[in-house]
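Listing of query-v8.txt, compact mmCIF, C-alpha atoms
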```
# COMPACT_ATOMS: atom_id res chain seq x y z
CA MET A 1 90.65 -60.35 15.82
CA ALA A 2 93.69 -62.49 16.51
CA LYS A 3 94.74 -64.31 13.40
CA HIS A 4 96.27 -67.74 13.28
CA HIS A 5 99.88 -67.99 12.24
CA VAL A 6 100.19 -71.10 10.06
CA THR A 7 103.28 -72.76 8.61
CA ALA A 8 102.78 -75.29 5.82
CA THR A 9 104.53 -76.62 2.74
CA VAL A 10 103.01 -75.66 -0.59
CA ASN A 11 104.45 -77.35 -3.68
CA GLY A 12 107.59 -78.14 -1.72
CA ASP A 13 108.18 -74.61 -0.41
CA VAL A 14 107.70 -73.71 3.23
CA VAL A 15 105.14 -70.92 3.47
CA GLU A 16 103.78 -68.94 6.38
CA PHE A 17 100.49 -67.10 6.42
CA LEU A 18 98.01 -65.45 8.74
CA CYS A 19 94.35 -66.40 8.55
CA GLU A 20 91.09 -66.15 10.42
CA THR A 21 89.34 -69.29 11.60
CA ARG A 22 86.58 -69.05 9.02
CA GLN A 23 88.92 -68.65 6.02
CA SER A 24 89.08 -71.76 3.87
CA LEU A 25 92.32 -73.17 2.56
CA LEU A 26 91.04 -72.15 -0.88
CA ASP A 27 90.73 -68.52 0.29
CA VAL A 28 94.22 -68.68 1.76
CA LEU A 29 95.77 -70.16 -1.39
CA ARG A 30 94.16 -67.57 -3.65
CA ASP A 31 94.03 -64.44 -1.50
CA GLU A 32 96.96 -64.75 0.91
CA LEU A 33 99.44 -66.78 -1.15
CA ASN A 34 98.37 -65.50 -4.59
CA LEU A 35 98.17 -69.04 -5.97
CA THR A 36 95.12 -68.44 -8.13
CA GLY A 37 95.45 -71.62 -10.21
CA THR A 38 93.16 -73.35 -7.73
CA LYS A 39 89.63 -72.28 -8.69
CA GLU A 40 86.47 -71.70 -6.74
CA GLY A 41 83.41 -73.29 -8.32
CA CYS A 42 80.62 -74.12 -5.88
CA GLY A 43 82.29 -73.58 -2.51
CA THR A 44 80.34 -76.56 -1.14
CA GLY A 45 82.51 -79.53 -2.14
CA ASP A 46 80.34 -80.59 -5.06
CA CYS A 47 82.33 -79.48 -8.12
CA GLY A 48 85.98 -80.31 -7.43
CA ALA A 49 87.37 -77.13 -9.06
CA CYS A 50 89.33 -76.37 -5.87
CA SER A 51 90.94 -79.84 -5.64
CA VAL A 52 94.37 -80.00 -4.03
CA THR A 53 96.24 -82.75 -2.26
CA ILE A 54 97.05 -82.48 1.43
CA ASP A 55 99.67 -84.94 2.67
CA GLY A 56 99.00 -86.85 -0.55
CA ARG A 57 95.25 -87.03 -0.04
CA LEU A 58 92.90 -85.51 -2.64
CA MET A 59 90.52 -82.95 -1.10
CA CYS A 60 88.39 -79.92 -1.91
CA SER A 61 90.28 -76.93 -0.51
CA CYS A 62 86.95 -75.15 0.04
CA LEU A 63 86.11 -77.80 2.65
CA VAL A 64 89.35 -77.33 4.58
CA LEU A 65 90.11 -74.40 6.86
CA GLY A 66 93.36 -72.52 6.34
CA VAL A 67 94.23 -73.07 9.99
CA GLU A 68 93.99 -76.83 9.48
CA ALA A 69 96.92 -76.65 7.03
CA GLU A 70 99.41 -76.22 9.89
CA GLY A 71 102.32 -78.62 9.30
CA LYS A 72 100.72 -80.12 6.19
CA ALA A 73 102.19 -80.62 2.70
CA ILE A 74 99.90 -79.17 0.06
CA GLN A 75 100.15 -79.68 -3.68
CA THR A 76 98.38 -77.32 -6.07
CA ILE A 77 98.29 -76.99 -9.83
CA GLU A 78 101.17 -74.48 -9.68
CA GLY A 79 103.47 -77.33 -8.64
CA MET A 80 102.50 -79.69 -11.45
CA ALA A 81 104.81 -78.67 -14.30
CA ALA A 82 108.56 -79.00 -13.74
CA GLY A 83 109.63 -75.52 -14.80
CA LYS A 84 108.72 -75.26 -18.46
CA ASP A 85 108.16 -78.99 -18.84
CA LEU A 86 104.48 -79.77 -18.62
CA HIS A 87 103.33 -82.87 -16.75
CA PRO A 88 102.18 -85.62 -19.17
CA LEU A 89 98.60 -85.02 -18.00
CA GLN A 90 98.87 -81.32 -18.88
CA ARG A 91 100.34 -82.16 -22.29
CA GLN A 92 97.64 -84.72 -23.04
CA PHE A 93 94.92 -82.27 -22.02
CA LEU A 94 96.27 -79.85 -24.61
CA GLU A 95 96.71 -82.64 -27.18
CA HIS A 96 93.11 -83.82 -26.74
CA ALA A 97 91.66 -80.31 -26.35
CA ALA A 98 90.25 -81.63 -23.07
CA LEU A 99 89.28 -78.18 -21.86
CA GLN A 100 87.20 -75.30 -23.05
CA CYS A 101 86.60 -72.58 -20.46
CA GLY A 102 89.27 -74.07 -18.22
CA ILE A 103 87.77 -73.43 -14.78
CA CYS A 104 87.53 -77.13 -13.94
CA THR A 105 90.91 -78.02 -15.47
CA PRO A 106 93.32 -77.43 -12.56
CA GLY A 107 91.12 -79.48 -10.24
CA ILE A 108 90.75 -82.27 -12.78
CA LEU A 109 94.51 -82.38 -13.39
CA ILE A 110 95.19 -82.60 -9.64
CA ALA A 111 92.53 -85.30 -9.22
CA ALA A 112 93.80 -87.27 -12.24
CA ARG A 113 97.39 -87.15 -10.98
CA SER A 114 96.19 -88.45 -7.62
CA LEU A 115 94.49 -91.37 -9.41
CA LEU A 116 97.56 -92.23 -11.50
CA GLU A 117 99.79 -92.18 -8.43
CA ARG A 118 97.62 -94.92 -6.94
CA ASN A 119 96.67 -96.73 -10.09
CA PRO A 120 99.00 -96.27 -13.07
CA ASP A 121 96.80 -98.37 -15.35
CA PRO A 122 93.17 -97.41 -14.70
CA THR A 123 90.25 -98.58 -16.81
CA GLU A 124 87.96 -96.00 -18.37
CA ASP A 125 85.40 -96.82 -15.67
CA GLU A 126 87.94 -96.24 -12.92
CA VAL A 127 88.85 -92.86 -14.41
CA ARG A 128 85.20 -91.85 -14.62
CA TYR A 129 84.44 -92.90 -11.04
CA TRP A 130 87.58 -91.24 -9.65
CA LEU A 131 86.69 -87.98 -11.44
CA ALA A 132 82.99 -88.10 -10.49
CA GLY A 133 83.63 -85.28 -8.02
CA ASN A 134 85.00 -82.98 -10.73
CA LEU A 135 82.31 -81.27 -12.75
CA CYS A 136 82.94 -79.93 -16.25
CA ARG A 137 80.08 -78.08 -17.94
CA CYS A 138 81.85 -77.67 -21.32
CA THR A 139 83.52 -80.79 -22.62
CA GLY A 140 81.11 -83.66 -21.98
CA TYR A 141 84.03 -85.50 -20.30
CA HIS A 142 85.03 -87.78 -23.21
CA LYS A 143 88.10 -85.78 -24.11
CA ILE A 144 89.07 -85.50 -20.45
CA VAL A 145 88.84 -89.25 -19.94
CA ASP A 146 90.76 -89.93 -23.17
CA ALA A 147 93.47 -87.48 -22.12
CA VAL A 148 93.85 -89.13 -18.70
CA LEU A 149 94.04 -92.61 -20.27
CA ASP A 150 96.64 -91.44 -22.80
CA ALA A 151 98.69 -89.72 -20.10
CA ALA A 152 98.59 -92.95 -18.08
CA ARG A 153 99.80 -94.89 -21.13
CA GLU A 154 102.61 -92.39 -21.67
CA MET A 155 103.65 -92.49 -18.02
CA ARG A 156 103.76 -96.30 -17.98
CA ARG A 157 106.27 -96.40 -20.84
CA PRO A 158 109.72 -97.28 -19.51
CA MET B 1 80.47 -61.57 12.56
CA SER B 2 81.80 -62.47 15.96
CA GLU B 3 85.16 -64.04 16.56
CA MET B 4 85.43 -67.77 16.02
CA ARG B 5 88.08 -69.61 17.99
CA TYR B 6 89.82 -72.74 16.76
CA GLU B 7 91.38 -75.36 19.00
CA ALA B 8 93.02 -78.64 18.05
CA PRO B 9 93.32 -80.67 21.27
CA THR B 10 95.47 -83.79 21.24
CA THR B 11 93.65 -85.67 24.00
CA LEU B 12 90.00 -86.60 24.51
CA ALA B 13 90.09 -85.08 27.98
CA ALA B 14 91.15 -81.72 26.54
CA ALA B 15 88.44 -81.92 23.86
CA VAL B 16 85.75 -82.70 26.44
CA ALA B 17 86.94 -79.84 28.66
CA LEU B 18 86.83 -77.40 25.71
CA LEU B 19 83.33 -78.55 24.77
CA ALA B 20 82.13 -78.32 28.38
CA GLY B 21 83.54 -74.80 28.74
CA ALA B 22 81.93 -73.45 25.58
CA ASN B 23 78.40 -73.09 26.91
CA GLY B 24 76.89 -74.90 23.93
CA ARG B 25 78.51 -72.61 21.38
CA ALA B 26 81.17 -75.05 20.20
CA SER B 27 81.10 -77.36 17.20
CA VAL B 28 83.19 -80.48 16.83
CA LEU B 29 85.14 -80.35 13.56
CA ALA B 30 86.06 -83.70 12.00
CA GLY B 31 86.01 -83.77 8.18
CA GLY B 32 84.02 -80.55 8.01
CA THR B 33 82.19 -81.60 4.84
CA ASP B 34 78.84 -80.74 6.43
CA LEU B 35 79.92 -78.26 9.14
CA LEU B 36 81.92 -75.86 6.95
CA ILE B 37 79.08 -75.65 4.44
CA ARG B 38 76.58 -74.90 7.19
CA MET B 39 78.89 -72.29 8.69
CA ARG B 40 79.26 -70.60 5.33
CA ALA B 41 75.52 -70.67 4.77
CA GLY B 42 75.08 -69.02 8.17
CA SER B 43 72.92 -71.82 9.58
CA VAL B 44 75.43 -72.46 12.39
CA GLU B 45 77.64 -69.84 13.98
CA PRO B 46 79.92 -71.60 16.47
CA GLY B 47 82.05 -69.51 18.80
CA LEU B 48 84.58 -72.32 18.99
CA LEU B 49 85.65 -75.06 16.59
CA ILE B 50 87.16 -78.11 18.24
CA ASP B 51 89.20 -79.97 15.63
CA ILE B 52 89.42 -83.53 16.92
CA LYS B 53 91.68 -84.92 14.17
CA GLY B 54 94.78 -84.54 16.34
CA ILE B 55 93.47 -87.06 18.90
CA PRO B 56 95.13 -90.43 18.16
CA GLU B 57 92.29 -92.67 19.39
CA MET B 58 89.83 -90.85 17.13
CA THR B 59 91.92 -91.34 14.01
CA SER B 60 93.17 -94.93 14.31
CA ILE B 61 91.89 -98.32 13.17
CA VAL B 62 92.83 -101.14 15.58
CA ALA B 63 91.98 -104.81 16.04
CA GLU B 64 90.07 -105.39 19.28
CA ASN B 65 88.66 -108.66 20.68
CA GLY B 66 88.81 -110.26 17.25
CA GLY B 67 86.87 -107.33 15.75
CA TYR B 68 87.81 -103.80 14.81
CA ARG B 69 87.60 -100.43 16.50
CA PHE B 70 87.96 -97.42 14.26
CA GLY B 71 88.09 -93.79 15.32
CA ALA B 72 85.07 -91.63 14.58
CA ALA B 73 87.39 -89.15 12.82
CA VAL B 74 89.06 -91.67 10.48
CA PRO B 75 88.58 -90.30 6.96
CA CYS B 76 86.45 -92.52 4.72
CA MET B 77 89.34 -93.04 2.28
CA GLU B 78 91.52 -94.47 5.05
CA LEU B 79 88.83 -96.94 6.02
CA LEU B 80 88.37 -97.95 2.37
CA GLU B 81 92.11 -98.54 2.01
CA HIS B 82 92.33 -100.74 5.13
CA GLU B 83 92.36 -104.13 3.42
CA ALA B 84 91.72 -106.35 6.45
CA PHE B 85 88.81 -104.21 7.63
CA ALA B 86 87.35 -104.07 4.12
CA LYS B 87 87.56 -107.86 3.88
CA ALA B 88 85.84 -108.36 7.23
CA TRP B 89 83.04 -105.81 6.69
CA PRO B 90 82.38 -105.40 2.96
CA GLY B 91 78.86 -104.06 3.62
CA VAL B 92 80.18 -101.22 5.78
CA ILE B 93 82.64 -100.51 2.96
CA ASP B 94 79.73 -100.48 0.44
CA GLY B 95 78.14 -97.66 2.45
CA VAL B 96 81.31 -95.67 3.09
CA LYS B 97 82.23 -95.88 -0.60
CA LEU B 98 79.01 -94.09 -1.52
CA ILE B 99 79.66 -91.00 0.62
CA GLY B 100 80.38 -88.21 -1.89
CA SER B 101 83.35 -87.88 -4.21
CA ILE B 102 86.93 -89.05 -3.69
CA GLN B 103 87.67 -85.50 -2.51
CA VAL B 104 84.84 -85.57 0.02
CA LYS B 105 85.83 -89.05 1.22
CA GLY B 106 89.36 -87.79 1.78
CA ARG B 107 87.92 -85.57 4.52
CA ALA B 108 84.54 -86.94 5.55
CA THR B 109 84.33 -89.32 8.51
CA VAL B 110 81.89 -92.00 9.62
CA GLY B 111 81.51 -90.20 12.97
CA GLY B 112 80.44 -87.09 11.09
CA ASN B 113 78.12 -89.05 8.82
CA LEU B 114 76.38 -90.44 11.93
CA CYS B 115 76.30 -87.24 14.03
CA ASN B 116 75.14 -85.08 11.12
CA ALA B 117 72.03 -87.22 11.59
CA SER B 118 70.73 -87.27 8.04
CA PRO B 119 68.18 -90.08 7.61
CA ALA B 120 69.90 -90.82 4.26
CA ALA B 121 73.46 -91.21 5.63
CA ASP B 122 75.00 -94.11 3.69
CA SER B 123 77.36 -95.49 6.32
CA VAL B 124 74.72 -95.73 9.03
CA PRO B 125 72.46 -98.64 7.90
CA PRO B 126 75.40 -101.01 7.30
CA LEU B 127 76.95 -100.04 10.66
CA ILE B 128 73.67 -100.73 12.44
CA ALA B 129 73.26 -104.00 10.53
CA ALA B 130 76.80 -104.90 11.59
CA GLY B 131 75.86 -104.43 15.26
CA ALA B 132 78.40 -101.63 15.65
CA VAL B 133 78.70 -100.00 19.06
CA ALA B 134 79.71 -96.35 19.33
CA GLY B 135 82.18 -95.25 22.00
CA ILE B 136 81.14 -91.92 23.51
CA VAL B 137 82.97 -89.59 25.86
CA GLY B 138 81.50 -86.65 27.75
CA PRO B 139 81.61 -84.66 30.95
CA ASP B 140 80.44 -87.75 32.90
CA GLY B 141 83.08 -90.03 31.42
CA ARG B 142 82.85 -92.76 28.85
CA ARG B 143 79.86 -94.80 27.76
CA GLU B 144 78.90 -97.05 24.88
CA SER B 145 75.78 -97.12 22.77
CA PRO B 146 74.54 -99.28 19.91
CA VAL B 147 74.69 -97.10 16.80
CA GLU B 148 70.91 -97.45 16.25
CA ASN B 149 70.26 -95.53 19.48
CA ILE B 150 72.21 -92.40 18.54
CA VAL B 151 70.21 -90.63 15.85
CA THR B 152 66.70 -89.65 16.92
CA GLY B 153 65.55 -87.62 13.89
CA PRO B 154 66.82 -85.37 11.11
CA GLY B 155 69.73 -83.37 12.57
CA LYS B 156 69.03 -84.71 16.07
CA THR B 157 70.95 -87.16 18.23
CA ALA B 158 70.64 -88.68 21.68
CA LEU B 159 74.05 -87.31 22.61
CA ALA B 160 73.99 -85.19 25.77
CA ARG B 161 75.52 -81.73 25.67
CA GLY B 162 79.29 -82.05 25.71
CA GLU B 163 79.38 -85.63 24.43
CA ILE B 164 81.53 -86.72 21.48
CA VAL B 165 81.33 -89.99 19.54
CA THR B 166 84.90 -91.25 19.61
CA SER B 167 84.91 -94.64 17.90
CA PHE B 168 82.99 -97.57 16.47
CA LEU B 169 83.50 -101.15 17.59
CA LEU B 170 82.59 -103.85 15.10
CA PRO B 171 82.33 -107.27 16.67
CA ARG B 172 84.30 -110.37 15.85
CA ARG B 173 82.83 -112.18 12.84
CA PRO B 174 81.85 -115.82 13.04
CA PRO B 175 82.55 -118.04 10.00
CA HIS B 176 80.10 -117.84 7.07
CA ALA B 177 79.13 -114.23 7.76
CA GLY B 178 78.50 -111.58 5.14
CA ASP B 179 77.08 -108.09 4.90
CA ALA B 180 76.04 -105.70 2.15
CA TYR B 181 74.61 -102.22 1.67
CA LEU B 182 72.71 -101.08 -1.38
CA ARG B 183 70.98 -97.83 -2.10
CA PHE B 184 68.69 -96.53 -4.77
CA THR B 185 69.72 -93.27 -6.42
CA PRO B 186 68.83 -91.90 -9.85
CA ARG B 187 72.54 -91.87 -10.75
CA THR B 188 75.39 -94.02 -9.55
CA GLU B 189 77.71 -91.38 -8.05
CA MET B 190 77.42 -88.12 -6.15
CA ASP B 191 73.83 -88.58 -5.08
CA ILE B 192 71.80 -88.96 -1.89
CA ALA B 193 70.02 -92.21 -1.05
CA VAL B 194 66.31 -92.39 -1.87
CA VAL B 195 66.30 -95.75 -0.09
CA GLY B 196 69.25 -97.56 1.49
CA VAL B 197 69.36 -101.08 2.96
CA GLY B 198 72.05 -102.77 5.02
CA VAL B 199 71.88 -106.54 5.61
CA ASN B 200 74.24 -108.57 7.77
CA LEU B 201 73.78 -112.33 8.13
CA THR B 202 75.53 -115.41 9.46
CA LEU B 203 75.03 -118.95 8.17
CA ASP B 204 75.75 -122.18 10.03
CA ASP B 205 77.85 -124.97 8.51
CA SER B 206 74.83 -126.35 6.68
CA GLY B 207 73.97 -122.99 5.10
CA VAL B 208 71.03 -122.07 7.35
CA CYS B 209 70.85 -118.43 8.42
CA ARG B 210 71.32 -118.23 12.21
CA GLN B 211 71.73 -114.50 12.77
CA ALA B 212 70.59 -111.51 10.73
CA ARG B 213 70.21 -107.78 11.10
CA VAL B 214 68.47 -105.57 8.55
CA CYS B 215 68.54 -101.78 8.62
CA LEU B 216 66.75 -99.35 6.32
CA GLY B 217 67.92 -95.82 5.50
CA ALA B 218 66.07 -92.81 4.05
CA VAL B 219 62.60 -94.27 4.66
CA ALA B 220 61.94 -92.74 8.08
CA GLU B 221 63.16 -89.89 10.28
CA ARG B 222 66.26 -91.99 11.07
CA ALA B 223 67.82 -95.31 10.02
CA LEU B 224 65.52 -98.14 11.14
CA LEU B 225 66.64 -101.49 12.49
CA VAL B 226 63.90 -103.90 11.39
CA PRO B 227 63.83 -107.11 13.47
CA GLU B 228 60.78 -108.38 11.51
CA ALA B 229 62.83 -108.27 8.31
CA ALA B 230 65.71 -110.13 9.99
CA ALA B 231 63.26 -112.71 11.35
CA ALA B 232 62.21 -113.50 7.77
CA LEU B 233 65.76 -114.75 7.12
CA ILE B 234 66.65 -116.48 10.38
CA GLY B 235 66.14 -120.27 10.26
CA THR B 236 65.97 -120.31 6.43
CA ARG B 237 68.44 -120.96 3.65
CA VAL B 238 67.70 -117.43 2.43
CA ASP B 239 65.69 -118.96 -0.39
CA ALA B 240 63.15 -117.25 -2.63
CA ALA B 241 60.32 -117.58 -0.09
CA ALA B 242 62.44 -116.08 2.71
CA LEU B 243 63.53 -113.22 0.46
CA LYS B 244 59.92 -112.50 -0.42
CA ARG B 245 59.00 -112.33 3.29
CA LEU B 246 62.06 -110.12 3.90
CA ALA B 247 60.96 -107.70 1.17
CA ALA B 248 57.43 -107.52 2.55
CA ALA B 249 58.69 -106.90 6.10
CA ALA B 250 61.10 -104.20 4.89
CA SER B 251 58.36 -102.41 2.95
CA ALA B 252 55.98 -102.67 5.92
CA ALA B 253 58.50 -100.97 8.22
CA CYS B 254 58.88 -97.86 6.04
CA ARG B 255 57.36 -94.55 7.09
CA PRO B 256 58.90 -92.30 4.45
CA ILE B 257 58.24 -88.76 3.31
CA ASP B 258 57.40 -87.60 -0.20
CA ASP B 259 60.10 -85.38 -1.59
CA LYS B 260 61.74 -84.44 -4.88
CA ARG B 261 63.89 -87.57 -4.75
CA GLY B 262 61.09 -90.08 -4.35
CA THR B 263 57.47 -90.50 -3.43
CA LYS B 264 56.27 -92.38 -0.38
CA GLU B 265 54.87 -95.23 -2.52
CA PHE B 266 58.08 -95.51 -4.50
CA ARG B 267 60.26 -95.62 -1.39
CA ILE B 268 58.10 -98.30 0.25
CA LYS B 269 58.17 -100.50 -2.85
CA VAL B 270 61.89 -100.01 -3.55
CA ALA B 271 62.86 -100.70 0.09
CA GLY B 272 61.60 -104.27 -0.38
CA VAL B 273 63.46 -104.68 -3.65
CA MET B 274 66.72 -103.28 -2.25
CA ALA B 275 66.39 -105.43 0.90
CA ARG B 276 66.10 -108.56 -1.23
CA ARG B 277 69.07 -107.61 -3.40
CA ALA B 278 71.21 -106.63 -0.40
CA ALA B 279 70.38 -109.94 1.29
CA GLU B 280 71.40 -111.81 -1.87
CA MET B 281 74.71 -109.95 -1.89
CA ALA B 282 75.30 -110.58 1.81
CA LEU B 283 74.45 -114.26 1.27
CA ALA B 284 76.93 -114.61 -1.60
CA ARG B 285 79.61 -113.02 0.57
CA ALA B 286 78.77 -115.25 3.55
CA ARG B 287 79.06 -118.35 1.34
CA ARG B 288 82.46 -117.25 0.05
CA LYS B 289 83.84 -116.90 3.58
CA ASN B 290 84.72 -119.81 5.82
```
Could you rewrite the structure in this file as C-alpha cells?
Amino acid sequence: MAKHHVTATVNGDVVEFLCETRQSLLDVLRDELNLTGTKEGCGTGDCGACSVTIDGRLMCSCLVLGVEAEGKAIQTIEGMAAGKDLHPLQRQFLEHAALQCGICTPGILIAARSLLERNPDPTEDEVRYWLAGNLCRCTGYHKIVDAVLDAAREMRRP
Amino acid sequence: MSEMRYEAPTTLAAAVALLAGANGRASVLAGGTDLLIRMRAGSVEPGLLIDIKGIPEMTSIVAENGGYRFGAAVPCMELLEHEAFAKAWPGVIDGVKLIGSIQVKGRATVGGNLCNASPAADSVPPLIAAGAVAGIVGPDGRRESPVENIVTGPGKTALARGEIVTSFLLPRRPPHAGDAYLRFTPRTEMDIAVVGVGVNLTLDDSGVCRQARVCLGAVAERALLVPEAAAALIGTRVDAAALKRLAAAASAACRPIDDKRGTKEFRIKVAGVMARRAAEMALARARRKN
C-alpha cells in the first residue's frame, strides 16, 4: 500500500513521516515519531488524554489523521518544558500533587496551556468548563483546577 | 483491510468530481469527529476520504446580503470566536457551544453536525429556527435548501449521491430580533441532548412578536420545525399566556422514543418547559437589541 509522505512541524522541529490513511495523528506521534508523552485513553475523542494543539488549536490527536498533519504546526507535551525548566503548569501540578496515575496529565497540561494562552486570568468555572473534555479517574479534579489557577497566577506576575 | 485513499481537493469542482468518481464508496471528511470513530469501529469502510477543509469557500465566514454565510467545514471554535456572528445569532452560538469538548469543537463542524443526521444534534434546531439555508453542490450543480429539509431520519439525509453541503446562509436580522437554544441533559457538559429547543423571534417597535420560528431536537426522528408553537407567540407580547400555549404546542408536536436518556413522557413534558425557557431567553435578547 502506498503510504503518504507527510511533512509537519512538531514542537518547532520539522519532521517527516510515512503513514497510511487510516493512521491517526496519535498513532503517528507515538509509533512513528516515538513521542509517547501523548497518551491514548478512549480513542473516540471523549477523554482528552491525547490532546495536542495543531496550528494553535486544541484537538484530540485520535480524531485527526496523520495525513491531515501535512504543513501543520503541532505542539505536544514533549515541547512544554524549556530544557530542564518545567513550564509553570508542570511545576504547579507537582506542587499540588495534581496527578496520580498520570495518564491524563499530558493532555490536561496541553489543554490548560491552551486555556491560559487565551485567558490568562480564568475563573474556577472557566477552568472547569475548558477542561471538561479531559477525564481524570484518580484525582477528583480539585487539585488539577487549583494547580491551573495557581499556574495562571504565577504566569500573570510581571 | 482494503486500501483507503485520501484526497484533499482545493476546489468544490474537484471535490464533486472525486465524489462522483468513487461509486458511492467515498466519505467526505470535515472535522472527522463522527467519521473517524465510525471508521475505527468498522461501521463504515470508505475506499476514499475526501478532506474538504482545503476548500476556501467551505472554511470561511463572510457577510452576505446583510446576513452571514459560513462554510460547512468551519470548525465550531472558529464560529464561536467570530464576535460579529456571535452577536447576531446568539442562539446558534448556544447550540454550537454545546457540541462536545473544546477539543472536539476545535475539529467538529456544523456541516458535519447536520449531515451526521443525529436527531439530537445541538446546532441543528437553532439553525432551523434561524431560517438558515444550506448551500449544496453536486454533480448537477448548485442548489439551496432550507436546513429543515435536509435530515430525513437518524443517519439519513435528503442529499442525492455525490452532493455536499457547502455552506449555511443566515438571513439579515431585523431590529428587535433574538434567538436562543436550550437543551436538557443530566449534566451540563459532554452530554447528548434529551430534548433541545431553538426559538427565534422578532418584535415590532411596540414589543409585539411579529415573526417566530420554533424547532425541537431529540424528540422525533429528526429536528422538527413546529409552526403551531411559533403561532402561539406571533401577535402576542410573549406574555405568560402565550408562553403557556407555546409549551403546549411544543409538547404536542413531540413524537419521541424511550431510551436510556429519557422516557417518552419525560421528553414530551420537558420539551414544553424548554420551549418556554428558550422563548424567554430569545425575548430578553430581542429586547436588548435595537
Using only C-alpha atoms, which protein or nucleic acid residues come within 8 Å of stretch 131-143 of chain A? Drop anything in the same chain fewer than 4 positions from it, and give the result as a list of chain:residue names.
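Answer for this query is A:Asp46, A:Cys47, A:Gly48, A:Ala49, A:Phe93, A:His96, A:Ala97, A:Ala98, A:Leu99, A:Gln100, A:Cys101, A:Cys104, A:Gly107, A:Ile108, A:Ala111, A:Ala112, A:Val127, A:Ala147, B:Gly100, B:Ser101, B:Ile102, B:Gln103, B:Glu189, B:Met190.
Any residue of chain A with an atom within 6 Å of chain B counts; using only C-alpha atoms, that gives Thr44, Leu58, Met59, Cys60, Leu63 and Gly133 of chain A.
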Please determine, counting all atoms listed in the file, which residue among A:Thr105, A:Thr7, A:Thr38, A:Thr76 has the shortest atom-to-atom distance to A:Gly56.
A:Thr76
For the point (62.1, -92.9, 4.5) in the file's frame, write as a count of residues only all residues with an atom no more than 6 Å away, counting all atoms listed in the file.
6
Residue neighbourhood stretch 10-23 of chain B, 9 Å, all atoms listed in the file, exclusion window fewer than 2 positions, as a list in words:
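Non-adjacent residues within range: Glu7, Ala8, Arg25, Ala26, Ser27, Val28, Gly47, Leu48, Ile50, Asp51, Ile52, Lys53, Gly54, Ile55, Pro56, Glu57, Met58, Val137, Gly138, Pro139, Arg161, Gly162, Glu163, Ile164 and Thr166 of chain B.
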Shell around B:Glu265 at 10 Å using all atoms listed in the file, local window under 3 positions removed, as a PyMOL selection string:
chain B and resi 251+254-258+262+268-270
